[in-house]
Amino acid sequence: MADYDVVIIGGGPGGYNGAIRAGQLGLKVACVEKSERLGGTCLNVGCIPSKSLLHASELFEMAVKDFAGFGIEVTPSLNLPTMMKQKSDSVGQLTKGIEFLFKKNKVDWIKGAGRLAGQGRVEVTGADGAKTMIEARAVVIASGSRSAPLTGVEVDQRRIVDSTGALELPEVPGSLIVIGAGVIGLELGSVWRRLGAKVTVVEFLDRITPGLDQETAKVLQRALTRQGMSFKLASKVTGATARSDGVDLAVEPVAGGAAQTLNADYVLLAIGRQPYTDDLGLESAGVATDARGYIQTDHFRTNVPGVYAIGDVTHGPMLAHKAEDEAVACIEIIAGRAGHVNYDVIPNVIYTFPEVATVGKTEEELKAAGVDYKVGKFPFTANSRAKVNHEGDGFVKVLADAKTDQVLGVHMIGPAVSEMIGEYCVAMEFSAASEDVARTCHPHPTRSEALRQAAMGVEGWTMQA
Ligand code: FAD
Ligand code: NAI
């Protein structure tokens with residue numbers, strides 16, 4: 001028996017950030033993780049490996065298509081094993097980094113699968129089947145999520161893959177069909193298209209990226225189509241048959257009509273993710289979940305005293321930074337402090353080219369809520385830095401309250417917007433008016449000037465042509 005102030009089940013961004021914060025606050029803390037490596041989905045099979053391949057494949061495509069336009073003549077060829085190895089090396093280094101931080105902050109990593117086993121108790125089953133009981137004043141569930149299945153489309157990680165399989169394909173597919181025009185489909189579809197695959201995205205709805213500001217989604221779809229990605233919208237997949245050298249996919253229009261068989265070398269299923277709560281003992285512990293399996297929480301507290309939940313396994317966007325913020329706030333509450341997450345300021349990024357970065361309300365949401373708002377918009381074609389870099393696509397759009405001028409939402413599509421959205425997150429966290437951004441000096445020539453120009457546009461005094 002070991003006694004802890006806090007035991008966290010899961011070592012992903014929710015779990016490991018929570019454990020480190022607990023260590024910093026002087027709490028005696030253990031993190032139970034059943035995988036061989038810390039870091040969860042994000043570090044091992046999510047954010048990090050996907051961004052590694054997105055970066056590498058973007059460099060490859062630039063070398064193939066764009067270098068000549070800058071006067072650089074090269075004949076690039078792809079070494080896929082090396083590209084995959086540099087990805088795995090980065091992942092390995094980052095997961096080791098968390099082990100180091102655990103030691104530094106006196107976090108015990110208990111290797112094994114955790115399960116609630118009565119008031120303040122967690123039973124851990126190791127890889128060898130040995131069981132240990134640990135006791136804690138507070139238990140935090142951070143068990144994350146997994147890919148949602150689709151009836152009739154069985155993922156074999158060979159020809160029909162989910163995101164994990166799509167990060168490890170042994171070859172560049174001649175053709176790839178992606179089911180689902182969401183974040184994973186567009187990011188990983190972009191990776192393989194850039195490396196040479198013919199990519200078709202089949203989407204149930206009549207638009208891509210549901211939830212994203214409509215105008216931004218349209219510009220993204222146009223850009224991806226220009227790059228060679230095909231879209232089959234308003235279509236549903238009714239079944240898939242994997243062969244040794246490819247997949248046959250049965251597809252029907254959602255509105256009814258003739259079914260069609262599509263063929264491809266590989267199929268990527270990416271229709272969303274669902275909370276992962278297998279073998280956690282939630283039922284016997286009496287922890288309430290909703291109809292879709294998410295653990296129900298109120299300020300991270302479940303209905304069972306002493307049991308908390310954070311990250312993908314609870315409601316809200318399934319994002320690493322949301323899990324991280326919840327982890328810190330949850331631990332601070334457990335430590336008797338005032339932990340808080342501002343759900344109005346959680347940015348969302350799609351790492352395609354152009355990138356998409358948004359925070360706050362969309363125009364559709366503001367209209368539905370009857371909010372009177374003003375719009376300032378600035379295109380990257382008029383930004384000098386984007387122009388000299390040959391990367392003109394996209395815009396920055398700022399939505400501000402018509403009366404108070406408070407920034408309510410920002411939607412950007414363009415180069416490096418993932419790195420720039422943080423400026424508006426800070427502004428919104430401080431309840432800034434668009435004029436605050438408009439009157440803040442920005443360095444010239446940078447793409448960040450487009451952020452300022454869009455804010456100036458709210459009052460109609462945009463200056464750069
Ligand atoms: P997870 O990271 O899923 O971690 C949960 C951990 O709990 C896992 O390690 C699991 O093994 C462990 N576990 C589960 N049950 C038990 C148990 N009973 N006992 C012990 N351990 C257990 N988000 C972003 O913000 N930016 C991105 O760019 C991004 N890219 C992504 C790309 C892909 C391909 C995918 C799939 C996801 C991406 N995400 C991204 C989402 C991000 O990975 C998740 O939101 C984030 O990992 C959630 O963190 P978490 O701690 O809640 O859960
Ligand atoms: P998603 O929810 O982003 O997109 C799923 C898409 O599949 C939607 O467009 C949906 O309409 C469509 N769909 C659903 N059922 C379908 C069906 N039967 N046939 C065809 N289309 C169907 O989910 P995705 O892309 O799987 O990503 C899961 C989560 O992972 C995201 O919600 C996000 O939170 C996280 N993620 C975040 C990233 C980032 O921050 N850059 C990158 C990758 C993942």
# chains A, B, ... in the order shown; residues from 1 in each chain; ligands from 1
$ closest_atom_pairs --of "chain A" --to "ligand 1" --cutoff "7 Å" --atoms "only C-alpha atoms and all ligand atoms" --output "Markdown table"
| residue | atom | partner | partner_atom_place_in_ligand_line | distance |
| --- | --- | --- | --- | --- |
| A:Ile9 | CA | ligand 1 | 20 (C) | 5.2 |
| A:Gly10 | CA | ligand 1 | 7 (O) | 3.2 |
| A:Gly11 | CA | ligand 1 | 6 (C) | 4.8 |
| A:Gly12 | CA | ligand 1 | 4 (O) | 3.5 |
| A:Pro13 | CA | ligand 1 | 51 (O) | 4.1 |
| A:Gly14 | CA | ligand 1 | 51 (O) | 3.5 |
| A:Gly15 | CA | ligand 1 | 51 (O) | 5.2 |
| A:Val32 | CA | ligand 1 | 20 (C) | 5.0 |
| A:Glu33 | CA | ligand 1 | 21 (N) | 3.7 |
| A:Lys34 | CA | ligand 1 | 20 (C) | 4.3 |
| A:Ser35 | CA | ligand 1 | 11 (O) | 5.0 |
| A:Leu38 | CA | ligand 1 | 9 (O) | 6.3 |
| A:Gly39 | CA | ligand 1 | 9 (O) | 6.0 |
| A:Gly40 | CA | ligand 1 | 9 (O) | 3.1 |
| A:Thr41 | CA | ligand 1 | 2 (O) | 3.8 |
| A:Cys42 | CA | ligand 1 | 43 (O) | 3.4 |
| A:Val45 | CA | ligand 1 | 34 (C) | 6.0 |
| A:Gly46 | CA | ligand 1 | 33 (C) | 3.3 |
| A:Cys47 | CA | ligand 1 | 30 (N) | 3.3 |
| A:Ile48 | CA | ligand 1 | 28 (O) | 6.9 |
| A:Ser50 | CA | ligand 1 | 32 (C) | 5.8 |
| A:Lys51 | CA | ligand 1 | 28 (O) | 6.7 |
| A:Gly112 | CA | ligand 1 | 20 (C) | 5.8 |
| A:Ala113 | CA | ligand 1 | 19 (N) | 3.4 |
| A:Gly114 | CA | ligand 1 | 19 (N) | 3.8 |
| A:Arg115 | CA | ligand 1 | 18 (N) | 5.7 |
| A:Ala142 | CA | ligand 1 | 52 (O) | 5.3 |
| A:Ser143 | CA | ligand 1 | 7 (O) | 3.7 |
| A:Gly144 | CA | ligand 1 | 53 (O) | 3.1 |
| A:Ser145 | CA | ligand 1 | 3 (O) | 4.9 |
| A:Arg146 | CA | ligand 1 | 3 (O) | 7.0 |
| A:Ser163 | CA | ligand 1 | 34 (C) | 5.0 |
| A:Thr164 | CA | ligand 1 | 34 (C) | 6.6 |
| A:Ile184 | CA | ligand 1 | 34 (C) | 5.7 |
| A:Tyr276 | CA | ligand 1 | 14 (C) | 6.6 |
| A:Thr277 | CA | ligand 1 | 15 (N) | 6.5 |
| A:Asp278 | CA | ligand 1 | 18 (N) | 6.9 |
| A:Asp279 | CA | ligand 1 | 18 (N) | 6.1 |
| A:Leu280 | CA | ligand 1 | 18 (N) | 5.1 |
| A:Ile310 | CA | ligand 1 | 52 (O) | 6.4 |
| A:Gly311 | CA | ligand 1 | 52 (O) | 3.5 |
| A:Asp312 | CA | ligand 1 | 52 (O) | 4.0 |
| A:Val313 | CA | ligand 1 | 52 (O) | 6.0 |
| A:Met318 | CA | ligand 1 | 45 (O) | 4.1 |
| A:Leu319 | CA | ligand 1 | 45 (O) | 3.3 |
| A:Ala320 | CA | ligand 1 | 25 (O) | 3.7 |
| A:His321 | CA | ligand 1 | 25 (O) | 5.2 |
| A:Ala323 | CA | ligand 1 | 52 (O) | 5.2 |
$ write_last_selection --atoms "C-alpha atoms" --output "PDB file, in the first residue's frame"
ATOM      1  CA  ILE A   9      -4.903   7.612 -14.352  1.00  0.00           C
ATOM      2  CA  GLY A  10      -3.381   8.313 -17.786  1.00  0.00           C
ATOM      3  CA  GLY A  11      -0.064   9.883 -18.800  1.00  0.00           C
ATOM      4  CA  GLY A  12      -1.174  12.042 -21.773  1.00  0.00           C
ATOM      5  CA  PRO A  13      -1.204  15.866 -21.849  1.00  0.00           C
ATOM      6  CA  GLY A  14      -3.937  15.882 -19.190  1.00  0.00           C
ATOM      7  CA  GLY A  15      -2.257  13.305 -16.965  1.00  0.00           C
ATOM      8  CA  VAL A  32      -0.612   5.462 -13.680  1.00  0.00           C
ATOM      9  CA  GLU A  33       0.111   4.860 -17.382  1.00  0.00           C
ATOM     10  CA  LYS A  34      -0.293   1.516 -19.077  1.00  0.00           C
ATOM     11  CA  SER A  35       1.649   2.234 -22.270  1.00  0.00           C
ATOM     12  CA  LEU A  38       4.433   8.598 -21.303  1.00  0.00           C
ATOM     13  CA  GLY A  39       2.839  11.322 -23.440  1.00  0.00           C
ATOM     14  CA  GLY A  40      -0.456   9.655 -24.374  1.00  0.00           C
ATOM     15  CA  THR A  41      -2.100  10.040 -27.757  1.00  0.00           C
ATOM     16  CA  CYS A  42      -0.630  13.494 -28.345  1.00  0.00           C
ATOM     17  CA  VAL A  45       0.359   8.868 -32.085  1.00  0.00           C
ATOM     18  CA  GLY A  46      -1.210  12.334 -32.368  1.00  0.00           C
ATOM     19  CA  CYS A  47      -0.078  15.966 -32.317  1.00  0.00           C
ATOM     20  CA  ILE A  48       3.662  15.379 -32.409  1.00  0.00           C
ATOM     21  CA  SER A  50       1.537  14.214 -37.287  1.00  0.00           C
ATOM     22  CA  LYS A  51       3.205  17.647 -37.095  1.00  0.00           C
ATOM     23  CA  GLY A 112       0.159  -0.524 -15.525  1.00  0.00           C
ATOM     24  CA  ALA A 113      -3.587  -0.189 -16.075  1.00  0.00           C
ATOM     25  CA  GLY A 114      -5.451   1.710 -13.374  1.00  0.00           C
ATOM     26  CA  ARG A 115      -8.960   0.902 -12.185  1.00  0.00           C
ATOM     27  CA  ALA A 142      -7.268  11.356 -17.697  1.00  0.00           C
ATOM     28  CA  SER A 143      -7.684   8.254 -19.840  1.00  0.00           C
ATOM     29  CA  GLY A 144      -8.178  10.133 -23.125  1.00  0.00           C
ATOM     30  CA  SER A 145      -9.894   9.013 -26.311  1.00  0.00           C
ATOM     31  CA  ARG A 146      -9.642   6.658 -29.264  1.00  0.00           C
ATOM     32  CA  SER A 163      -4.741   7.914 -37.658  1.00  0.00           C
ATOM     33  CA  THR A 164      -2.204   5.684 -35.876  1.00  0.00           C
ATOM     34  CA  ILE A 184      -7.226  14.345 -39.000  1.00  0.00           C
ATOM     35  CA  TYR A 276     -11.772   5.922 -23.700  1.00  0.00           C
ATOM     36  CA  THR A 277     -13.110   4.436 -20.465  1.00  0.00           C
ATOM     37  CA  ASP A 278     -12.548   0.680 -20.913  1.00  0.00           C
ATOM     38  CA  ASP A 279     -11.823  -1.237 -17.686  1.00  0.00           C
ATOM     39  CA  LEU A 280     -11.712   1.880 -15.508  1.00  0.00           C
ATOM     40  CA  ILE A 310     -10.107  15.970 -17.335  1.00  0.00           C
ATOM     41  CA  GLY A 311      -9.124  16.035 -21.018  1.00  0.00           C
ATOM     42  CA  ASP A 312     -10.568  14.040 -23.911  1.00  0.00           C
ATOM     43  CA  VAL A 313     -12.530  11.718 -21.634  1.00  0.00           C
ATOM     44  CA  MET A 318     -10.512  17.122 -27.858  1.00  0.00           C
ATOM     45  CA  LEU A 319      -7.319  19.147 -27.840  1.00  0.00           C
ATOM     46  CA  ALA A 320      -4.038  18.707 -26.016  1.00  0.00           C
ATOM     47  CA  HIS A 321      -3.951  22.305 -24.736  1.00  0.00           C
ATOM     48  CA  ALA A 323      -6.481  18.814 -21.513  1.00  0.00           C
TER      49      ALA A 323
END
$ closest_atom_pairs --of "range 239-345 of chain A" --to "range 412-426 of chain A" --cutoff "12 Å" --atoms "only C-alpha atoms" --output "tab-separated table"
residue	atom	partner	partner_atom	distance
A:Asn342	CA	A:Cys425	CA	10.5
A:Tyr343	CA	A:Cys425	CA	11.3
A:Asp344	CA	A:Cys425	CA	9.6
A:Val345	CA	A:Cys425	CA	6.1
$ write_last_selection --atoms "all heavy atoms" --output "PDB file, in the first residue's frame"
ATOM      1  N   ASN A 342     -10.703  29.174 -19.022  1.00  0.00           N
ATOM      2  CA  ASN A 342     -11.567  30.050 -19.802  1.00  0.00           C
ATOM      3  C   ASN A 342     -11.894  29.350 -21.123  1.00  0.00           C
ATOM      4  O   ASN A 342     -11.114  29.388 -22.078  1.00  0.00           O
ATOM      5  CB  ASN A 342     -10.858  31.392 -20.058  1.00  0.00           C
ATOM      6  CG  ASN A 342     -11.738  32.351 -20.845  1.00  0.00           C
ATOM      7  OD1 ASN A 342     -12.846  32.013 -21.247  1.00  0.00           O
ATOM      8  ND2 ASN A 342     -11.239  33.561 -21.074  1.00  0.00           N
ATOM      9  N   TYR A 343     -13.057  28.707 -21.158  1.00  0.00           N
ATOM     10  CA  TYR A 343     -13.421  27.918 -22.354  1.00  0.00           C
ATOM     11  C   TYR A 343     -13.738  28.798 -23.561  1.00  0.00           C
ATOM     12  O   TYR A 343     -13.877  28.293 -24.661  1.00  0.00           O
ATOM     13  CB  TYR A 343     -14.586  26.974 -22.029  1.00  0.00           C
ATOM     14  CG  TYR A 343     -14.166  25.835 -21.115  1.00  0.00           C
ATOM     15  CD1 TYR A 343     -14.361  25.905 -19.743  1.00  0.00           C
ATOM     16  CD2 TYR A 343     -13.535  24.713 -21.630  1.00  0.00           C
ATOM     17  CE1 TYR A 343     -13.942  24.877 -18.904  1.00  0.00           C
ATOM     18  CE2 TYR A 343     -13.110  23.673 -20.814  1.00  0.00           C
ATOM     19  CZ  TYR A 343     -13.319  23.772 -19.449  1.00  0.00           C
ATOM     20  OH  TYR A 343     -12.887  22.756 -18.624  1.00  0.00           O
ATOM     21  N   ASP A 344     -13.864  30.117 -23.351  1.00  0.00           N
ATOM     22  CA  ASP A 344     -14.098  31.020 -24.491  1.00  0.00           C
ATOM     23  C   ASP A 344     -12.812  31.306 -25.250  1.00  0.00           C
ATOM     24  O   ASP A 344     -12.841  31.883 -26.334  1.00  0.00           O
ATOM     25  CB  ASP A 344     -14.684  32.362 -24.011  1.00  0.00           C
ATOM     26  CG  ASP A 344     -16.122  32.195 -23.562  1.00  0.00           C
ATOM     27  OD1 ASP A 344     -16.778  31.266 -24.075  1.00  0.00           O
ATOM     28  OD2 ASP A 344     -16.565  32.962 -22.695  1.00  0.00           O
ATOM     29  N   VAL A 345     -11.687  30.965 -24.661  1.00  0.00           N
ATOM     30  CA  VAL A 345     -10.410  31.296 -25.307  1.00  0.00           C
ATOM     31  C   VAL A 345      -9.548  30.029 -25.443  1.00  0.00           C
ATOM     32  O   VAL A 345      -8.447  29.943 -24.913  1.00  0.00           O
ATOM     33  CB  VAL A 345      -9.667  32.417 -24.541  1.00  0.00           C
ATOM     34  CG1 VAL A 345      -8.427  32.873 -25.317  1.00  0.00           C
ATOM     35  CG2 VAL A 345     -10.573  33.636 -24.323  1.00  0.00           C
TER      36      VAL A 345
END
$ closest_atom_pairs --of "chain A" --to "ligand 2" --cutoff "6 Å" --atoms "only C-alpha atoms and all ligand atoms" --output "tab-separated table"
residue	atom	partner	partner_atom_place_in_ligand_line	distance
A:Ile179	CA	ligand 2	20 (C)	5.1
A:Gly180	CA	ligand 2	7 (O)	3.3
A:Ala181	CA	ligand 2	9 (O)	4.4
A:Gly182	CA	ligand 2	4 (O)	3.2
A:Val183	CA	ligand 2	25 (O)	4.0
A:Ile184	CA	ligand 2	25 (O)	3.7
A:Gly185	CA	ligand 2	25 (O)	5.3
A:Val202	CA	ligand 2	20 (C)	5.7
A:Glu203	CA	ligand 2	21 (N)	3.9
A:Phe204	CA	ligand 2	20 (C)	4.0
A:Leu205	CA	ligand 2	11 (O)	5.3
A:Ile208	CA	ligand 2	9 (O)	5.6
A:Thr209	CA	ligand 2	9 (O)	5.0
A:Pro210	CA	ligand 2	9 (O)	5.4
A:Lys236	CA	ligand 2	19 (N)	4.9
A:Val237	CA	ligand 2	19 (N)	5.6
A:Ala270	CA	ligand 2	26 (O)	3.9
A:Ile271	CA	ligand 2	7 (O)	3.5
A:Gly272	CA	ligand 2	23 (O)	3.2
A:Arg273	CA	ligand 2	28 (C)	4.8
A:Pro317	CA	ligand 2	34 (O)	5.5
A:Met318	CA	ligand 2	34 (O)	3.7
A:Leu319	CA	ligand 2	34 (O)	5.0
A:Asn348	CA	ligand 2	40 (O)	5.9
A:Val349	CA	ligand 2	41 (N)	4.9
A:Ile350	CA	ligand 2	41 (N)	4.4
A:Tyr351	CA	ligand 2	41 (N)	5.7
$ residues_around --residues "Gly97 in chain A" --least-positions-apart "6" --cutoff "12 Å" --atoms "only C-alpha atoms" --output "MDAnalysis selection string"
chainID A and resid 16 37:39 43 90:91 103:104
$ residues_around --residues "Val247 in chain A" --least-positions-apart "2" --cutoff "8 Å" --atoms "only C-alpha atoms" --output "VMD selection string"
chain A and resid 159 to 160 240 to 243 245 249 263 to 267
$ residues_around --residues "Gly306 in chain A" --least-positions-apart "3" --cutoff "7 Å" --atoms "only C-alpha atoms" --output "PDB file with N, CA and C atoms, in the first residue's frame"
ATOM      1  N   GLY A 120     -11.252   6.168  -2.780  1.00  0.00           N
ATOM      2  CA  GLY A 120      -9.847   6.542  -2.665  1.00  0.00           C
ATOM      3  C   GLY A 120      -8.871   5.438  -3.023  1.00  0.00           C
ATOM      4  N   ARG A 137      -6.019  10.520  -1.733  1.00  0.00           N
ATOM      5  CA  ARG A 137      -7.067  11.444  -1.286  1.00  0.00           C
ATOM      6  C   ARG A 137      -7.937  11.843  -2.480  1.00  0.00           C
ATOM      7  N   ALA A 138      -7.292  12.008  -3.657  1.00  0.00           N
ATOM      8  CA  ALA A 138      -8.028  12.386  -4.875  1.00  0.00           C
ATOM      9  C   ALA A 138      -7.540  11.528  -6.039  1.00  0.00           C
ATOM     10  N   VAL A 139      -8.487  11.119  -6.893  1.00  0.00           N
ATOM     11  CA  VAL A 139      -8.137  10.360  -8.099  1.00  0.00           C
ATOM     12  C   VAL A 139      -8.597  11.178  -9.303  1.00  0.00           C
TER      13      VAL A 139
END
$ residues_around --residues "Asn79 in chain A" --least-positions-apart "5" --cutoff "12 Å" --atoms "only C-alpha atoms" --output "list in words"
Ala56, Ser57, Phe60, Met84, Lys85, Gln86, Pro170, Glu171, Val172 and Leu195 of chain A
$ closest_residue --among "A:Asn44, A:Ser431, A:Ile141, A:Val375" --to "Thr314 in chain A" --atoms "only C-alpha atoms"
A:Ile141
$ select_by_dssp --residues "range 395-453 of chain A" --states "strand (DSSP E or B)" --output "ChimeraX atom specification"
/A:395-401,406-414,433
$ write_last_selection --atoms "all heavy atoms" --output "CSV table (one decimal), in the first residue's frame"
chain,number,residue,atom,x,y,z
A,395,PHE,N,-6.6,34.9,-45.2
A,395,PHE,CA,-7.0,36.2,-44.6
A,395,PHE,C,-7.0,36.1,-43.1
A,395,PHE,O,-6.9,35.0,-42.5
A,395,PHE,CB,-8.4,36.6,-45.1
A,395,PHE,CG,-9.5,35.6,-44.8
A,395,PHE,CD1,-10.0,35.5,-43.5
A,395,PHE,CD2,-10.0,34.8,-45.8
A,395,PHE,CE1,-11.0,34.6,-43.2
A,395,PHE,CE2,-11.0,33.8,-45.5
A,395,PHE,CZ,-11.5,33.8,-44.2
A,396,VAL,N,-7.1,37.2,-42.4
A,396,VAL,CA,-7.4,37.3,-41.0
A,396,VAL,C,-8.7,38.0,-40.8
A,396,VAL,O,-8.9,39.1,-41.4
A,396,VAL,CB,-6.3,38.1,-40.2
A,396,VAL,CG1,-6.6,38.2,-38.8
A,396,VAL,CG2,-4.9,37.5,-40.5
A,397,LYS,N,-9.6,37.5,-40.0
A,397,LYS,CA,-10.9,38.1,-39.8
A,397,LYS,C,-11.1,38.3,-38.3
A,397,LYS,O,-11.0,37.3,-37.5
A,397,LYS,CB,-12.0,37.2,-40.4
A,397,LYS,CG,-13.4,37.7,-40.2
A,397,LYS,CD,-14.4,37.0,-41.1
A,397,LYS,CE,-14.7,35.6,-40.7
A,397,LYS,NZ,-15.8,35.0,-41.5
A,398,VAL,N,-11.4,39.5,-37.9
A,398,VAL,CA,-11.6,39.8,-36.5
A,398,VAL,C,-13.1,40.2,-36.3
A,398,VAL,O,-13.6,41.0,-37.1
A,398,VAL,CB,-10.7,41.0,-36.1
A,398,VAL,CG1,-11.0,41.4,-34.6
A,398,VAL,CG2,-9.3,40.6,-36.2
A,399,LEU,N,-13.7,39.5,-35.3
A,399,LEU,CA,-15.1,39.8,-35.0
A,399,LEU,C,-15.2,40.5,-33.7
A,399,LEU,O,-14.6,40.0,-32.7
A,399,LEU,CB,-15.9,38.5,-35.0
A,399,LEU,CG,-15.8,37.6,-36.1
A,399,LEU,CD1,-16.6,36.3,-35.9
A,399,LEU,CD2,-16.3,38.2,-37.4
A,400,ALA,N,-15.7,41.7,-33.7
A,400,ALA,CA,-15.8,42.5,-32.4
A,400,ALA,C,-17.2,43.0,-32.1
A,400,ALA,O,-18.0,43.2,-33.1
A,400,ALA,CB,-14.9,43.7,-32.6
A,401,ASP,N,-17.5,43.1,-30.9
A,401,ASP,CA,-18.8,43.5,-30.4
A,401,ASP,C,-19.1,44.9,-31.0
A,401,ASP,O,-18.2,45.8,-30.8
A,401,ASP,CB,-18.9,43.5,-28.9
A,401,ASP,CG,-20.3,43.8,-28.4
A,401,ASP,OD1,-20.7,45.0,-28.5
A,401,ASP,OD2,-20.9,42.9,-27.9
A,406,GLN,N,-15.2,44.8,-28.0
A,406,GLN,CA,-14.5,43.7,-27.5
A,406,GLN,C,-14.3,42.6,-28.5
A,406,GLN,O,-15.3,42.3,-29.3
A,406,GLN,CB,-15.2,43.1,-26.2
A,406,GLN,CG,-14.4,42.0,-25.6
A,406,GLN,CD,-15.1,41.5,-24.3
A,406,GLN,OE1,-16.0,42.1,-23.8
A,406,GLN,NE2,-14.6,40.4,-23.8
A,407,VAL,N,-13.1,42.1,-28.6
A,407,VAL,CA,-12.9,41.0,-29.6
A,407,VAL,C,-13.6,39.7,-29.2
A,407,VAL,O,-13.4,39.3,-28.1
A,407,VAL,CB,-11.4,40.7,-29.8
A,407,VAL,CG1,-11.2,39.5,-30.8
A,407,VAL,CG2,-10.6,41.9,-30.2
A,408,LEU,N,-14.5,39.2,-30.1
A,408,LEU,CA,-15.3,38.0,-29.7
A,408,LEU,C,-14.8,36.8,-30.4
A,408,LEU,O,-15.1,35.7,-30.0
A,408,LEU,CB,-16.8,38.3,-30.1
A,408,LEU,CG,-17.4,39.5,-29.5
A,408,LEU,CD1,-18.8,39.8,-30.0
A,408,LEU,CD2,-17.5,39.4,-27.9
A,409,GLY,N,-14.2,37.0,-31.6
A,409,GLY,CA,-13.7,35.8,-32.3
A,409,GLY,C,-12.7,36.2,-33.4
A,409,GLY,O,-12.7,37.4,-33.9
A,410,VAL,N,-11.7,35.3,-33.7
A,410,VAL,CA,-10.7,35.6,-34.7
A,410,VAL,C,-10.6,34.3,-35.5
A,410,VAL,O,-10.4,33.2,-35.0
A,410,VAL,CB,-9.4,36.0,-34.1
A,410,VAL,CG1,-8.3,36.3,-35.2
A,410,VAL,CG2,-9.5,37.2,-33.2
A,411,HIS,N,-10.6,34.5,-36.8
A,411,HIS,CA,-10.5,33.4,-37.7
A,411,HIS,C,-9.5,33.7,-38.8
A,411,HIS,O,-9.6,34.7,-39.5
A,411,HIS,CB,-11.9,33.1,-38.4
A,411,HIS,CG,-12.9,32.9,-37.3
A,411,HIS,ND1,-13.1,31.7,-36.7
A,411,HIS,CD2,-13.7,33.8,-36.6
A,411,HIS,CE1,-14.0,31.9,-35.7
A,411,HIS,NE2,-14.4,33.1,-35.7
A,412,MET,N,-8.4,32.8,-38.9
A,412,MET,CA,-7.3,33.1,-39.8
A,412,MET,C,-7.1,31.9,-40.6
A,412,MET,O,-7.1,30.8,-40.1
A,412,MET,CB,-6.0,33.4,-39.1
A,412,MET,CG,-6.1,34.3,-37.9
A,412,MET,SD,-4.3,34.6,-37.4
A,412,MET,CE,-4.4,34.9,-35.7
A,413,ILE,N,-6.8,32.1,-41.9
A,413,ILE,CA,-6.3,31.1,-42.7
A,413,ILE,C,-5.1,31.7,-43.5
A,413,ILE,O,-5.3,32.7,-44.1
A,413,ILE,CB,-7.4,30.5,-43.7
A,413,ILE,CG1,-6.8,29.4,-44.6
A,413,ILE,CG2,-8.2,31.5,-44.4
A,413,ILE,CD1,-7.8,28.5,-45.3
A,414,GLY,N,-4.0,31.0,-43.4
A,414,GLY,CA,-2.8,31.6,-44.1
A,414,GLY,C,-1.5,31.0,-43.6
A,414,GLY,O,-1.5,30.1,-42.8
A,433,ALA,N,-10.2,45.2,-26.7
A,433,ALA,CA,-11.0,45.8,-27.8
A,433,ALA,C,-10.2,45.6,-29.1
A,433,ALA,O,-9.0,45.5,-29.0
A,433,ALA,CB,-11.3,47.2,-27.6
$ select_by_dssp --residues "range 199-277 of chain A" --states "helix (DSSP H, G or I)" --output "list of chain:residue names"
A:Gln214, A:Glu215, A:Thr216, A:Ala217, A:Lys218, A:Val219, A:Leu220, A:Gln221, A:Arg222, A:Ala223, A:Leu224, A:Thr225, A:Arg226
$ residues_around --residues "Ala329 in chain A" --least-positions-apart "2" --cutoff "8 Å" --atoms "only C-alpha atoms" --output "list of chain:residue names"
A:Asp325, A:Glu326, A:Ala327, A:Ile331, A:Glu332, A:Ile333, A:Ala338, A:Gly339, A:His340, A:Val341
$ closest_residue --among "A:Gln93, A:Glu61, A:Lys87, A:Ala136" --to "Leu116 in chain A" --atoms "only C-alpha atoms"
A:Ala136
$ atom_distance --atom1 "CA of Ile72 in chain A" --atom2 "CA of Ser384 in chain A"
21.4 Å
